[in-house]
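This is query_26.tsv. It holds TSV, C-alpha atoms and all ligand atoms.
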chain	number	residue	atom	x	y	z
A	24	LEU	CA	4.89	10.59	-17.42
A	25	GLY	CA	6.00	9.29	-14.05
A	26	ALA	CA	3.78	7.39	-11.67
A	27	HIS	CA	3.56	10.52	-9.52
A	28	SER	CA	1.54	12.29	-12.20
A	29	ILE	CA	-1.55	10.11	-11.83
A	30	LEU	CA	-4.58	11.99	-10.53
A	31	ASN	CA	-6.63	9.10	-9.26
A	32	VAL	CA	-6.83	5.31	-9.09
A	33	ALA	CA	-8.80	5.10	-12.34
A	34	GLU	CA	-5.89	6.67	-14.20
A	35	ALA	CA	-3.48	4.24	-12.58
A	36	ARG	CA	-5.74	1.40	-13.70
A	37	ASP	CA	-5.78	2.62	-17.31
A	38	ARG	CA	-2.02	2.81	-17.40
A	39	ALA	CA	-1.67	-0.60	-15.81
A	40	ARG	CA	-3.90	-2.02	-18.48
A	41	SER	CA	-1.74	-0.78	-21.31
A	42	ARG	CA	1.45	-1.87	-19.59
A	43	LEU	CA	0.59	-5.44	-18.59
A	44	PRO	CA	-0.03	-8.45	-20.80
A	45	ARG	CA	-3.74	-8.91	-21.17
A	46	GLY	CA	-3.80	-12.27	-19.38
A	47	LEU	CA	-2.12	-10.73	-16.34
A	48	PHE	CA	-4.29	-7.62	-16.32
A	49	GLU	CA	-7.44	-9.72	-16.51
A	50	TYR	CA	-6.17	-11.95	-13.71
A	51	ILE	CA	-5.96	-8.85	-11.52
A	52	GLU	CA	-8.99	-7.00	-12.71
A	53	ARG	CA	-11.76	-9.44	-13.28
A	54	GLY	CA	-14.18	-11.36	-11.09
A	55	THR	CA	-15.67	-14.78	-11.50
A	56	GLU	CA	-18.39	-16.44	-13.60
A	57	ASP	CA	-20.84	-13.72	-14.74
A	58	GLU	CA	-19.13	-11.00	-12.71
A	59	VAL	CA	-22.31	-9.89	-11.00
A	60	GLY	CA	-20.16	-9.40	-7.92
A	61	LEU	CA	-18.02	-6.73	-9.54
A	62	ILE	CA	-21.09	-4.67	-10.40
A	63	GLU	CA	-22.53	-5.25	-6.93
A	64	ALA	CA	-19.28	-4.23	-5.23
A	65	LYS	CA	-19.47	-0.84	-6.87
A	66	ARG	CA	-23.24	-0.44	-6.55
A	67	SER	CA	-23.38	-1.26	-2.86
A	68	LEU	CA	-20.48	1.01	-1.95
A	69	ASP	CA	-21.96	3.82	-4.07
A	70	SER	CA	-25.30	3.45	-2.28
A	71	VAL	CA	-23.68	4.24	1.06
A	72	THR	CA	-23.97	8.01	1.50
A	73	PHE	CA	-22.64	10.76	3.74
A	74	ASN	CA	-24.48	12.98	6.17
A	75	PRO	CA	-21.85	15.64	6.87
A	76	ARG	CA	-21.51	17.81	9.97
A	77	VAL	CA	-21.09	21.51	9.24
A	78	LEU	CA	-19.21	24.30	10.97
A	79	VAL	CA	-16.54	22.09	12.48
A	80	ASP	CA	-12.96	23.34	12.58
A	81	ILE	CA	-11.25	20.86	10.27
A	82	SER	CA	-8.05	22.85	9.75
A	83	ASN	CA	-6.01	20.14	11.50
A	84	ARG	CA	-7.14	16.87	10.05
A	85	ASP	CA	-5.37	13.67	11.02
A	86	ALA	CA	-6.04	10.20	9.62
A	87	THR	CA	-3.95	8.44	12.28
A	88	THR	CA	-5.56	5.38	13.77
A	89	SER	CA	-4.78	2.34	15.90
A	90	ILE	CA	-5.12	-1.16	14.52
A	91	PHE	CA	-4.43	-3.94	17.05
A	92	GLY	CA	-3.02	-1.31	19.36
A	93	THR	CA	-0.39	0.00	16.94
A	94	ARG	CA	-0.64	3.58	15.74
A	95	GLN	CA	-0.43	4.11	12.01
A	96	PRO	CA	-0.84	7.29	9.95
A	97	LEU	CA	-3.62	5.87	7.76
A	98	PRO	CA	-6.41	3.32	8.36
A	99	LEU	CA	-5.11	1.18	5.49
A	100	VAL	CA	-3.45	-2.19	4.96
A	101	VAL	CA	-2.05	-3.53	1.68
A	102	ALA	CA	-4.13	-6.65	0.99
A	103	PRO	CA	-2.57	-10.04	0.24
A	104	THR	CA	-2.50	-10.60	-3.50
A	105	ALA	CA	-1.14	-13.67	-5.23
A	106	ILE	CA	1.65	-13.27	-7.78
A	107	ALA	CA	2.24	-9.54	-7.28
A	108	GLY	CA	5.81	-10.48	-8.24
A	109	LEU	CA	4.66	-10.92	-11.84
A	110	ILE	CA	3.28	-7.40	-12.00
A	111	TRP	CA	6.69	-5.88	-11.30
A	112	TYR	CA	10.06	-7.50	-10.71
A	113	ASP	CA	10.15	-8.43	-7.00
A	114	GLY	CA	6.66	-6.90	-6.79
A	115	GLU	CA	6.03	-8.05	-3.24
A	116	VAL	CA	9.19	-6.33	-2.02
A	117	GLU	CA	8.12	-3.18	-3.86
A	118	LEU	CA	4.65	-3.28	-2.30
A	119	ALA	CA	6.19	-3.79	1.12
A	120	LYS	CA	8.48	-0.79	0.60
A	121	ALA	CA	5.53	1.37	-0.41
A	122	ALA	CA	3.58	0.19	2.64
A	123	ALA	CA	6.57	0.92	4.90
A	124	ALA	CA	6.93	4.42	3.47
A	125	ALA	CA	3.24	5.06	4.16
A	126	GLY	CA	3.53	3.53	7.65
A	127	ILE	CA	0.96	0.80	7.04
A	128	PRO	CA	1.22	-3.03	7.16
A	129	PHE	CA	1.74	-5.19	4.10
A	130	CYS	CA	0.06	-8.59	4.05
A	131	VAL	CA	2.17	-11.24	2.28
A	132	SER	CA	0.15	-13.84	0.32
A	133	THR	CA	0.77	-17.58	0.58
A	134	GLN	CA	0.93	-17.43	-3.22
A	135	SER	CA	3.63	-14.83	-3.32
A	136	ILE	CA	6.47	-14.90	-5.87
A	137	THR	CA	8.89	-13.54	-3.27
A	138	SER	CA	9.39	-15.24	0.09
A	139	VAL	CA	8.34	-13.66	3.35
A	140	GLU	CA	11.98	-13.86	4.51
A	141	ARG	CA	13.21	-11.80	1.56
A	142	ILE	CA	10.39	-9.31	1.88
A	143	ALA	CA	11.27	-8.87	5.56
A	144	GLU	CA	14.98	-8.45	4.76
A	145	GLU	CA	14.52	-5.99	1.95
A	146	SER	CA	11.81	-3.77	3.34
A	147	ARG	CA	11.21	-2.36	6.78
A	148	ALA	CA	7.51	-2.98	6.50
A	149	ARG	CA	5.28	-4.29	9.22
A	150	LEU	CA	4.30	-7.65	7.79
A	151	TRP	CA	1.15	-9.70	8.08
A	152	PHE	CA	1.05	-13.18	6.57
A	153	GLN	CA	-1.95	-14.60	4.72
A	154	LEU	CA	-2.46	-18.35	4.91
A	155	TYR	CA	-4.20	-20.74	2.57
A	156	VAL	CA	-4.34	-24.07	4.40
A	157	TRP	CA	-2.78	-26.93	2.45
A	158	ARG	CA	-4.10	-30.45	2.72
A	159	ASN	CA	-0.97	-31.47	4.56
A	160	ARG	CA	-1.52	-29.58	7.81
A	161	ASP	CA	2.04	-30.16	9.04
A	162	ARG	CA	3.34	-28.34	5.99
A	163	ALA	CA	0.86	-25.54	6.58
A	164	ILE	CA	2.05	-25.15	10.17
A	165	GLN	CA	5.68	-25.16	8.97
A	166	LEU	CA	4.78	-22.24	6.71
A	167	VAL	CA	3.16	-20.43	9.63
A	168	LYS	CA	6.37	-20.92	11.65
A	169	ARG	CA	8.39	-19.48	8.77
A	170	ALA	CA	6.19	-16.39	8.79
A	171	GLU	CA	6.62	-16.12	12.56
A	172	ARG	CA	10.42	-16.36	12.32
A	173	ALA	CA	10.40	-13.72	9.58
A	174	GLY	CA	8.67	-11.37	12.01
A	175	ALA	CA	5.06	-11.34	10.78
A	176	GLU	CA	2.82	-9.64	13.36
A	177	ALA	CA	-0.45	-11.09	12.23
A	178	LEU	CA	-1.63	-14.30	10.64
A	179	VAL	CA	-4.50	-13.81	8.22
A	180	LEU	CA	-6.37	-17.04	7.58
A	181	THR	CA	-8.38	-16.75	4.38
A	182	VAL	CA	-11.64	-18.60	4.93
A	183	ASP	CA	-13.58	-17.79	1.77
A	184	THR	CA	-11.73	-20.01	-0.68
A	185	ALA	CA	-12.97	-23.52	0.06
A	186	VAL	CA	-12.89	-24.46	-3.62
A	187	ALA	CA	-11.04	-23.14	-6.65
A	188	PRO	CA	-13.00	-20.23	-8.13
A	189	ASN	CA	-14.43	-20.48	-11.61
A	190	ARG	CA	-12.48	-17.85	-13.52
A	191	GLU	CA	-13.01	-18.86	-17.11
A	192	TYR	CA	-11.11	-15.94	-18.61
A	193	ASN	CA	-7.91	-17.27	-17.01
A	194	ILE	CA	-8.39	-20.54	-18.87
A	195	ARG	CA	-9.07	-18.76	-22.18
A	196	ASN	CA	-6.04	-16.53	-21.63
A	197	GLY	CA	-3.89	-19.56	-20.89
A	198	PHE	CA	-2.98	-17.86	-17.66
A	199	GLY	CA	-1.60	-20.13	-14.97
A	200	ILE	CA	1.55	-20.46	-12.85
A	201	PRO	CA	4.11	-20.76	-14.24
A	202	ILE	CA	3.13	-19.06	-17.48
A	203	LYS	CA	3.09	-21.77	-20.12
A	204	PRO	CA	4.50	-21.06	-23.55
A	205	SER	CA	1.62	-20.67	-26.00
A	206	LEU	CA	1.03	-18.65	-29.15
A	207	ARG	CA	-1.44	-16.44	-27.35
A	208	ALA	CA	0.86	-15.80	-24.37
A	209	GLY	CA	3.71	-15.14	-26.83
A	210	LEU	CA	1.72	-12.55	-28.76
A	211	ASP	CA	0.61	-10.98	-25.50
A	212	CYS	CA	4.27	-10.57	-24.50
A	213	VAL	CA	5.24	-9.19	-27.90
A	214	ALA	CA	2.48	-6.62	-27.50
A	215	HIS	CA	3.86	-5.66	-24.08
A	216	PRO	CA	7.63	-5.75	-24.54
A	217	ARG	CA	8.34	-3.41	-21.67
A	218	TRP	CA	6.74	-5.80	-19.21
A	219	PHE	CA	8.48	-8.75	-20.78
A	220	VAL	CA	11.94	-7.17	-20.57
A	221	THR	CA	11.64	-5.53	-17.16
A	222	VAL	CA	9.79	-8.30	-15.37
A	223	PHE	CA	9.75	-11.72	-16.94
A	224	ALA	CA	13.12	-11.71	-18.68
A	225	LYS	CA	14.71	-10.29	-15.54
A	226	TYR	CA	13.56	-13.34	-13.57
A	227	LEU	CA	14.94	-15.61	-16.29
A	228	ARG	CA	18.31	-13.85	-16.08
A	229	ASN	CA	18.36	-13.96	-12.28
A	230	GLY	CA	17.58	-17.59	-11.70
A	231	GLY	CA	14.63	-18.89	-13.66
A	232	VAL	CA	10.92	-18.97	-14.17
A	233	PRO	CA	9.10	-17.19	-11.35
A	234	THR	CA	7.06	-19.46	-9.12
A	235	TYR	CA	5.37	-19.58	-5.72
A	236	ALA	CA	8.09	-18.87	-3.17
A	237	HIS	CA	6.35	-20.51	-0.22
A	238	TYR	CA	5.76	-23.89	-1.79
A	239	PRO	CA	8.16	-26.59	-0.60
A	240	ASP	CA	11.27	-27.00	-2.77
A	241	GLU	CA	10.70	-30.65	-3.49
A	242	PHE	CA	7.56	-29.77	-5.41
A	243	ARG	CA	9.37	-27.46	-7.75
A	244	THR	CA	10.93	-28.75	-10.93
A	245	ALA	CA	13.90	-27.29	-12.74
A	246	LEU	CA	11.58	-25.08	-14.76
A	247	GLY	CA	10.21	-23.51	-11.63
A	248	ARG	CA	6.91	-25.28	-12.10
A	249	VAL	CA	5.05	-26.17	-8.93
A	250	ALA	CA	4.20	-29.83	-9.19
A	251	VAL	CA	0.55	-30.59	-8.65
A	252	ALA	CA	0.85	-32.52	-5.43
A	253	ASP	CA	-2.09	-33.45	-3.29
A	254	GLU	CA	-0.49	-32.43	-0.07
A	255	ILE	CA	0.06	-28.81	-1.09
A	256	SER	CA	-3.27	-28.33	-2.82
A	257	LEU	CA	-5.77	-26.19	-0.95
A	258	ALA	CA	-7.64	-28.15	1.69
A	259	GLN	CA	-11.39	-28.38	1.23
A	260	ASP	CA	-11.98	-29.45	4.82
A	261	VAL	CA	-10.69	-26.31	6.52
A	262	SER	CA	-12.88	-25.89	9.60
A	263	TRP	CA	-13.19	-24.20	12.99
A	264	GLU	CA	-10.90	-26.96	14.23
A	265	ASP	CA	-8.11	-25.41	12.13
A	266	VAL	CA	-8.87	-22.05	13.71
A	267	ARG	CA	-8.40	-23.64	17.15
A	268	THR	CA	-5.10	-25.22	16.04
A	269	LEU	CA	-3.84	-21.97	14.59
A	270	ARG	CA	-4.92	-20.07	17.69
A	271	SER	CA	-2.65	-22.23	19.81
A	272	ALA	CA	0.21	-22.27	17.27
A	273	TRP	CA	0.28	-18.52	16.62
A	274	LYS	CA	1.17	-16.00	19.32
A	275	GLY	CA	0.52	-12.85	17.30
A	276	GLN	CA	-2.74	-11.44	16.04
A	277	LEU	CA	-5.00	-13.97	14.34
A	278	ILE	CA	-7.36	-12.65	11.70
A	279	LEU	CA	-10.01	-14.45	9.63
A	280	LYS	CA	-10.36	-12.97	6.15
A	281	GLY	CA	-13.55	-13.43	4.19
A	282	VAL	CA	-16.24	-13.38	6.87
A	283	LEU	CA	-19.68	-12.10	5.74
A	284	ARG	CA	-21.98	-13.45	8.45
A	285	ALA	CA	-22.48	-12.13	11.97
A	286	ASP	CA	-22.84	-15.66	13.39
A	287	ASP	CA	-19.44	-16.63	11.96
A	288	ALA	CA	-17.95	-13.45	13.40
A	289	VAL	CA	-19.35	-14.32	16.84
A	290	ARG	CA	-17.90	-17.82	16.59
A	291	ALA	CA	-14.50	-16.37	15.65
A	292	ALA	CA	-14.61	-14.15	18.73
A	293	GLU	CA	-15.48	-17.11	20.92
A	294	LEU	CA	-12.41	-19.00	19.68
A	295	GLY	CA	-10.09	-16.17	20.60
A	296	VAL	CA	-9.54	-14.74	17.15
A	297	ASP	CA	-8.37	-11.11	17.29
A	298	GLY	CA	-9.86	-9.72	14.12
A	299	ILE	CA	-11.80	-10.36	10.93
A	300	VAL	CA	-11.80	-8.93	7.45
A	301	VAL	CA	-15.34	-8.52	6.17
A	302	SER	CA	-14.67	-9.37	2.55
A	303	ASN	CA	-15.96	-11.28	-0.45
A	304	HIS	CA	-12.44	-11.60	-1.86
A	305	GLY	CA	-12.89	-8.67	-4.22
A	306	ALA	CA	-15.76	-10.50	-5.96
A	307	ARG	CA	-13.28	-13.06	-7.25
A	308	ASN	CA	-14.62	-16.22	-5.64
A	309	LEU	CA	-18.38	-16.71	-5.21
A	310	ASP	CA	-20.26	-14.68	-7.77
A	311	GLY	CA	-23.36	-13.27	-6.13
A	312	ALA	CA	-21.87	-13.25	-2.63
A	313	ALA	CA	-23.25	-10.50	-0.40
A	314	THR	CA	-21.04	-7.42	-0.40
A	315	PRO	CA	-18.92	-6.24	2.53
A	316	ALA	CA	-20.69	-2.85	2.45
A	317	THR	CA	-24.06	-4.50	3.13
A	318	CYS	CA	-22.80	-7.00	5.73
A	319	LEU	CA	-20.50	-4.73	7.71
A	320	PRO	CA	-22.99	-2.79	9.91
A	321	GLU	CA	-24.60	-5.88	11.42
A	322	ILE	CA	-21.24	-7.56	12.01
A	323	VAL	CA	-19.85	-4.47	13.74
A	324	ASP	CA	-22.97	-4.31	15.83
A	325	ARG	CA	-22.52	-7.89	17.01
A	326	VAL	CA	-18.75	-8.19	17.49
A	327	GLY	CA	-17.29	-4.69	17.19
A	328	HIS	CA	-16.70	-4.55	20.96
A	329	ARG	CA	-14.73	-7.83	20.98
A	330	LEU	CA	-12.96	-7.98	17.63
A	331	THR	CA	-11.02	-5.70	15.35
A	332	VAL	CA	-13.22	-5.51	12.29
A	333	LEU	CA	-11.55	-4.66	8.98
A	334	ALA	CA	-13.14	-4.59	5.53
A	335	ASP	CA	-12.18	-4.68	1.88
A	336	GLY	CA	-13.60	-4.67	-1.63
A	337	GLY	CA	-14.05	-2.03	-4.31
A	338	VAL	CA	-12.00	0.69	-2.62
A	339	ARG	CA	-10.86	3.09	-5.35
A	340	ARG	CA	-11.30	6.47	-3.61
A	341	GLY	CA	-10.54	7.96	-0.23
A	342	SER	CA	-14.30	8.43	0.18
A	343	HIS	CA	-14.70	4.64	-0.08
A	344	VAL	CA	-12.31	4.25	2.84
A	345	ALA	CA	-14.40	6.77	4.79
A	346	LYS	CA	-17.57	4.79	4.02
A	347	TYR	CA	-16.18	1.56	5.48
A	348	ILE	CA	-14.74	3.42	8.47
A	349	GLY	CA	-18.03	5.22	8.98
A	350	MET	CA	-19.83	1.88	9.11
A	351	GLY	CA	-17.50	0.75	11.87
A	352	ALA	CA	-14.47	-0.82	10.21
A	353	GLN	CA	-11.23	0.00	12.00
A	354	GLY	CA	-9.21	-0.34	8.84
A	355	VAL	CA	-9.53	-1.06	5.15
A	356	LEU	CA	-7.50	-3.35	2.89
A	357	LEU	CA	-6.52	-2.27	-0.61
A	358	GLY	CA	-6.21	-4.95	-3.30
A	359	ARG	CA	-6.42	-3.95	-6.93
A	360	SER	CA	-5.82	-0.21	-6.36
A	361	VAL	CA	-2.25	-0.69	-5.15
A	362	LEU	CA	-1.59	-3.34	-7.80
A	363	TYR	CA	-2.38	-0.75	-10.51
A	364	GLY	CA	0.21	1.53	-8.93
A	365	LEU	CA	2.70	-1.32	-8.71
A	366	ALA	CA	2.21	-2.10	-12.40
A	367	ILE	CA	3.07	1.41	-13.49
A	368	GLY	CA	5.97	2.18	-11.18
A	369	GLY	CA	6.94	-0.45	-8.61
A	370	ALA	CA	7.21	0.91	-5.07
A	371	GLU	CA	6.97	4.46	-6.37
A	372	GLY	CA	3.76	3.73	-8.25
A	373	ALA	CA	2.17	1.89	-5.33
A	374	GLY	CA	3.28	4.77	-3.11
A	375	ALA	CA	1.66	7.28	-5.48
A	376	VAL	CA	-1.62	5.39	-5.13
A	377	LEU	CA	-1.34	5.36	-1.33
A	378	ASP	CA	-0.69	9.08	-1.46
A	379	ILE	CA	-3.85	9.59	-3.51
A	380	PHE	CA	-5.79	7.71	-0.83
A	381	ARG	CA	-4.27	9.90	1.88
A	382	ARG	CA	-5.18	13.12	0.07
A	383	GLU	CA	-8.67	11.99	-0.88
A	384	LEU	CA	-9.41	10.68	2.61
A	385	LEU	CA	-8.33	13.97	4.21
A	386	THR	CA	-10.51	15.88	1.73
A	387	THR	CA	-13.51	13.66	2.52
A	388	MET	CA	-12.87	14.11	6.26
A	389	GLY	CA	-12.87	17.87	5.71
A	390	PHE	CA	-16.29	17.76	4.06
A	391	LEU	CA	-17.63	15.42	6.74
A	392	GLY	CA	-16.66	17.72	9.60
A	393	ALA	CA	-14.48	14.88	10.85
A	394	PRO	CA	-11.01	16.07	11.92
A	395	SER	CA	-10.06	12.60	13.12
A	396	ILE	CA	-10.84	9.00	12.11
A	397	PRO	CA	-13.30	8.30	14.97
A	398	ASP	CA	-15.25	11.43	13.98
A	399	ILE	CA	-16.17	9.76	10.68
A	400	VAL	CA	-18.48	7.36	12.49
A	401	GLY	CA	-21.91	8.92	12.54
A	402	THR	CA	-21.51	10.78	9.25
A	403	VAL	CA	-22.21	7.76	7.06
A	404	VAL	CA	-25.62	6.44	6.08
A	405	PRO	CA	-25.39	2.70	5.35
A	406	ALA	CA	-26.99	1.22	2.27
A	407	ARG	CA	-30.45	-0.22	2.67
A	408	GLY	CA	-30.98	-3.85	1.68
B	1	LIG	C1	-6.48	-11.19	-4.33
B	1	LIG	N1	-6.99	-11.50	-3.08
B	1	LIG	C2	-6.36	-12.48	-2.32
B	1	LIG	N2	-6.79	-12.73	-1.05
B	1	LIG	C3	-6.16	-13.65	-0.28
B	1	LIG	O1	-6.57	-13.87	0.86
B	1	LIG	N3	-5.09	-14.34	-0.78
B	1	LIG	C4	-4.61	-14.14	-2.03
B	1	LIG	O2	-3.63	-14.77	-2.44
B	1	LIG	C5	-5.27	-13.20	-2.85
B	1	LIG	N4	-4.87	-12.97	-4.13
B	1	LIG	C6	-5.42	-11.95	-4.87
B	1	LIG	C7	-4.89	-11.62	-6.11
B	1	LIG	C8	-5.37	-10.54	-6.82
B	1	LIG	C9	-4.77	-10.19	-8.14
B	1	LIG	C10	-6.43	-9.76	-6.28
B	1	LIG	C11	-6.98	-8.55	-7.01
B	1	LIG	C12	-6.97	-10.08	-5.06
B	1	LIG	C13	-8.09	-10.70	-2.49
B	1	LIG	C14	-7.56	-9.44	-1.82
B	1	LIG	O3	-6.81	-9.76	-0.67
B	1	LIG	C15	-8.71	-8.51	-1.38
B	1	LIG	O4	-9.62	-9.20	-0.58
B	1	LIG	C16	-9.45	-7.90	-2.58
B	1	LIG	O5	-8.56	-7.60	-3.63
B	1	LIG	C17	-10.17	-6.63	-2.16
B	1	LIG	O6	-10.88	-6.07	-3.22
B	1	LIG	P1	-10.28	-4.89	-4.15
B	1	LIG	O7	-9.61	-3.89	-3.25
B	1	LIG	O8	-9.34	-5.54	-5.10
B	1	LIG	O9	-11.50	-4.38	-4.83
As structure tokens, how would this structure be written, given the file I've shared?
Amino acid sequence: LGAHSILNVAEARDRARSRLPRGLFEYIERGTEDEVGLIEAKRSLDSVTFNPRVLVDISNRDATTSIFGTRQPLPLVVAPTAIAGLIWYDGEVELAKAAAAAGIPFCVSTQSITSVERIAEESRARLWFQLYVWRNRDRAIQLVKRAERAGAEALVLTVDTAVAPNREYNIRNGFGIPIKPSLRAGLDCVAHPRWFVTVFAKYLRNGGVPTYAHYPDEFRTALGRVAVADEISLAQDVSWEDVRTLRSAWKGQLILKGVLRADDAVRAAELGVDGIVVSNHGARNLDGAATPATCLPEIVDRVGHRLTVLADGGVRRGSHVAKYIGMGAQGVLLGRSVLYGLAIGGAEGAGAVLDIFRRELLTTMGFLGAPSIPDIVGTVVPARG
């Protein structure tokens, strides 16, 4: 069965699970600590409901929208996800191609396996670049300049990852970068030979062990391992001062990703930031963090007139997109959903998932009496509490 035969994101997920080594699938799928956040993400989005308008001519529905003044056919962005290049060979390029075909931006992660330059060369996607600030700020700025030269339109500063998250399953699975030889990892690969041959072995044939493409060369050993060096570890003192610095260093759109509080959103607006992503990092960082679906309405109320407000987390259906849009988000980022598609069919699989979102969103808009994206606002009843 080809990737095009999937009916929904849940089916893509099931196929991704059988295709990928368990350690890799769990890295994508799971949360952190007791995974309360994963349950909450679903519960809070499910508790948002619709209040549809009837007797509206919806025969010409159109999901086109403007994000930062650029028209795009869908209110979606492919979220930055670390190591997508392990899910499929050159996975970041494949995701970018799928995004380009759907006419939406692709956000490159700092922890990408493929460099922003190559992604730009090999896809015609509109690129955003996600930044994790390294301790050595000069190096971080050099990376930002690379992204600028490669043509990235927006810089997405992730602000919700002050410390390394406690993901114990990764430790038990022996899952780190680069993948270390271990009996468990070996058995995992034997159990998933197709992944091993089409992804991992292909990297070995074409130059070596896959590693983080944006980390400076001098920190990479012959095996592709990224040396643990203080200066390129994630800074724990990232502050509003860094936002000021980045605002003057970056001409394009500047976005803070991982804002959950209205007062932080106001402060971002005051510093000249262009947009925020209301996000709890897909419940992967702080277990028990408030969910985007509960925080979004207040944030939109406070800064919606000054900032582009985007949201992400738990989006597996077109109706979930409509819920965030209905609560005032101008666009929605997709993390795991597109990775499932990538895992089962590269750009084609990710594209099949984006197509599912397009169809489901248009169906939801039909039921809502909302022929266009702005019409969705007012048909959604936010969750209480
Ligand atoms: C992420 N996310 C993420 N965010 C970020 O700012 N930088 C990163 O490198 C990563 N890496 C990453 C890897 C994987 C495997 C996942 C699933 C997620 C978070 C991502 O951008 C987004 O906020 C969430 O994935 C949204 O939730 P859903 O759509 O996955 O439920």
Hey, could you pull the box centre and edge lengths for range 79-92 of chain A, axis-aligned, 8 Å padding per side, all listed atoms, to one decimal in Å, as lines of an AutoDock Vina configuration file?
center_x = -9.8
center_y = 9.7
center_z = 14.5
size_x = 29.5
size_y = 43.3
size_z = 25.7
Item to check | For Ile396 in chain A, the nearest of the candidates A:Val361, A:Ile348, A:Leu206, A:Ile322, counting all atoms listed in the file | outcome: A:Ile348
Item to check | Protein and nucleic acid residues within 9 Å of ligand LIG 1 (chain B) (all atoms listed in the file) as a PyMOL selection string | outcome: chain A and resi 47-54+61+64-65+101-107+130-135+153-155+179-184+280-281+300-307+334-339+355-362
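The residue that comes closest to Val266 in chain A, out of A:Val251, A:Met350, A:Ala366, A:Ile164 and on the basis of only C-alpha atoms, is A:Ile164.
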Next on the checklist: Would you pick out the contacts of range 397-403 of chain A at 9 Å or less, using only C-alpha atoms, so that residues sharing its chain but fewer than 3 positions from it are not included, and give the list as a list of chain:residue names?
Outcome noted: A:Val71, A:Thr72, A:Phe73, A:Asn74, A:Pro75, A:Arg76, A:Thr88, A:Ala345, A:Lys346, A:Tyr347, A:Ile348, A:Gly349, A:Met350, A:Gly351, A:Met388, A:Leu391, A:Gly392, A:Ala393, A:Pro394
Go ahead and dump the residues you just picked, C-alpha atoms, as a tab-separated table (two decimals), in the coordinates of the input.
chain	number	residue	atom	x	y	z
A	71	VAL	CA	-23.68	4.24	1.06
A	72	THR	CA	-23.97	8.01	1.50
A	73	PHE	CA	-22.64	10.76	3.74
A	74	ASN	CA	-24.48	12.98	6.17
A	75	PRO	CA	-21.85	15.64	6.87
A	76	ARG	CA	-21.51	17.81	9.97
A	88	THR	CA	-5.56	5.38	13.77
A	345	ALA	CA	-14.40	6.77	4.79
A	346	LYS	CA	-17.57	4.79	4.02
A	347	TYR	CA	-16.18	1.56	5.48
A	348	ILE	CA	-14.74	3.42	8.47
A	349	GLY	CA	-18.03	5.22	8.98
A	350	MET	CA	-19.83	1.88	9.11
A	351	GLY	CA	-17.50	0.75	11.87
A	388	MET	CA	-12.87	14.11	6.26
A	391	LEU	CA	-17.63	15.42	6.74
A	392	GLY	CA	-16.66	17.72	9.60
A	393	ALA	CA	-14.48	14.88	10.85
A	394	PRO	CA	-11.01	16.07	11.92
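Using all atoms listed in the file, the nearest neighbour of Asp310 in chain A within the list A:His237, A:Arg190, A:Arg38, A:Arg195 is A:Arg190.
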Checklist outcome for this item: Using all atoms listed in the file, the shortest atom-to-atom distance to Arg217 in chain A among A:Ile62, A:Ala121, A:Ile367, A:Glu254 belongs to A:Ile367
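If you measure from each of A:Gly389, A:Gly108, A:Pro128, A:Gly92 to Thr234 in chain A using only C-alpha atoms, the closest one turns out to be A:Gly108.
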Checklist entry - If we count all atoms listed in the file, what is near range 207-216 of chain A at a cut-off of 12 Å, once residues fewer than 6 positions away on the same chain are taken out, given as a ChimeraX atom specification? => result /A:39-48,193-199,201,222-224
Please produce an output containing C-alpha atoms for each residue in the selection, written as a PDB file, in the frame of the given file.
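Saved result, result.pdb, follows:
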ATOM      1  CA  ALA A  39      -1.670  -0.600 -15.810  1.00  0.00           C
ATOM      2  CA  ARG A  40      -3.900  -2.020 -18.480  1.00  0.00           C
ATOM      3  CA  SER A  41      -1.740  -0.780 -21.310  1.00  0.00           C
ATOM      4  CA  ARG A  42       1.450  -1.870 -19.590  1.00  0.00           C
ATOM      5  CA  LEU A  43       0.590  -5.440 -18.590  1.00  0.00           C
ATOM      6  CA  PRO A  44      -0.030  -8.450 -20.800  1.00  0.00           C
ATOM      7  CA  ARG A  45      -3.740  -8.910 -21.170  1.00  0.00           C
ATOM      8  CA  GLY A  46      -3.800 -12.270 -19.380  1.00  0.00           C
ATOM      9  CA  LEU A  47      -2.120 -10.730 -16.340  1.00  0.00           C
ATOM     10  CA  PHE A  48      -4.290  -7.620 -16.320  1.00  0.00           C
ATOM     11  CA  ASN A 193      -7.910 -17.270 -17.010  1.00  0.00           C
ATOM     12  CA  ILE A 194      -8.390 -20.540 -18.870  1.00  0.00           C
ATOM     13  CA  ARG A 195      -9.070 -18.760 -22.180  1.00  0.00           C
ATOM     14  CA  ASN A 196      -6.040 -16.530 -21.630  1.00  0.00           C
ATOM     15  CA  GLY A 197      -3.890 -19.560 -20.890  1.00  0.00           C
ATOM     16  CA  PHE A 198      -2.980 -17.860 -17.660  1.00  0.00           C
ATOM     17  CA  GLY A 199      -1.600 -20.130 -14.970  1.00  0.00           C
ATOM     18  CA  PRO A 201       4.110 -20.760 -14.240  1.00  0.00           C
ATOM     19  CA  VAL A 222       9.790  -8.300 -15.370  1.00  0.00           C
ATOM     20  CA  PHE A 223       9.750 -11.720 -16.940  1.00  0.00           C
ATOM     21  CA  ALA A 224      13.120 -11.710 -18.680  1.00  0.00           C
TER      22      ALA A 224
END
Checklist outcome for this item: Residue with the minimum atom-to-atom distance to Ala122 in chain A, picked from A:Val100, A:Ala288, A:Leu227, A:Ile136 with all atoms listed in the file counted, is A:Val100
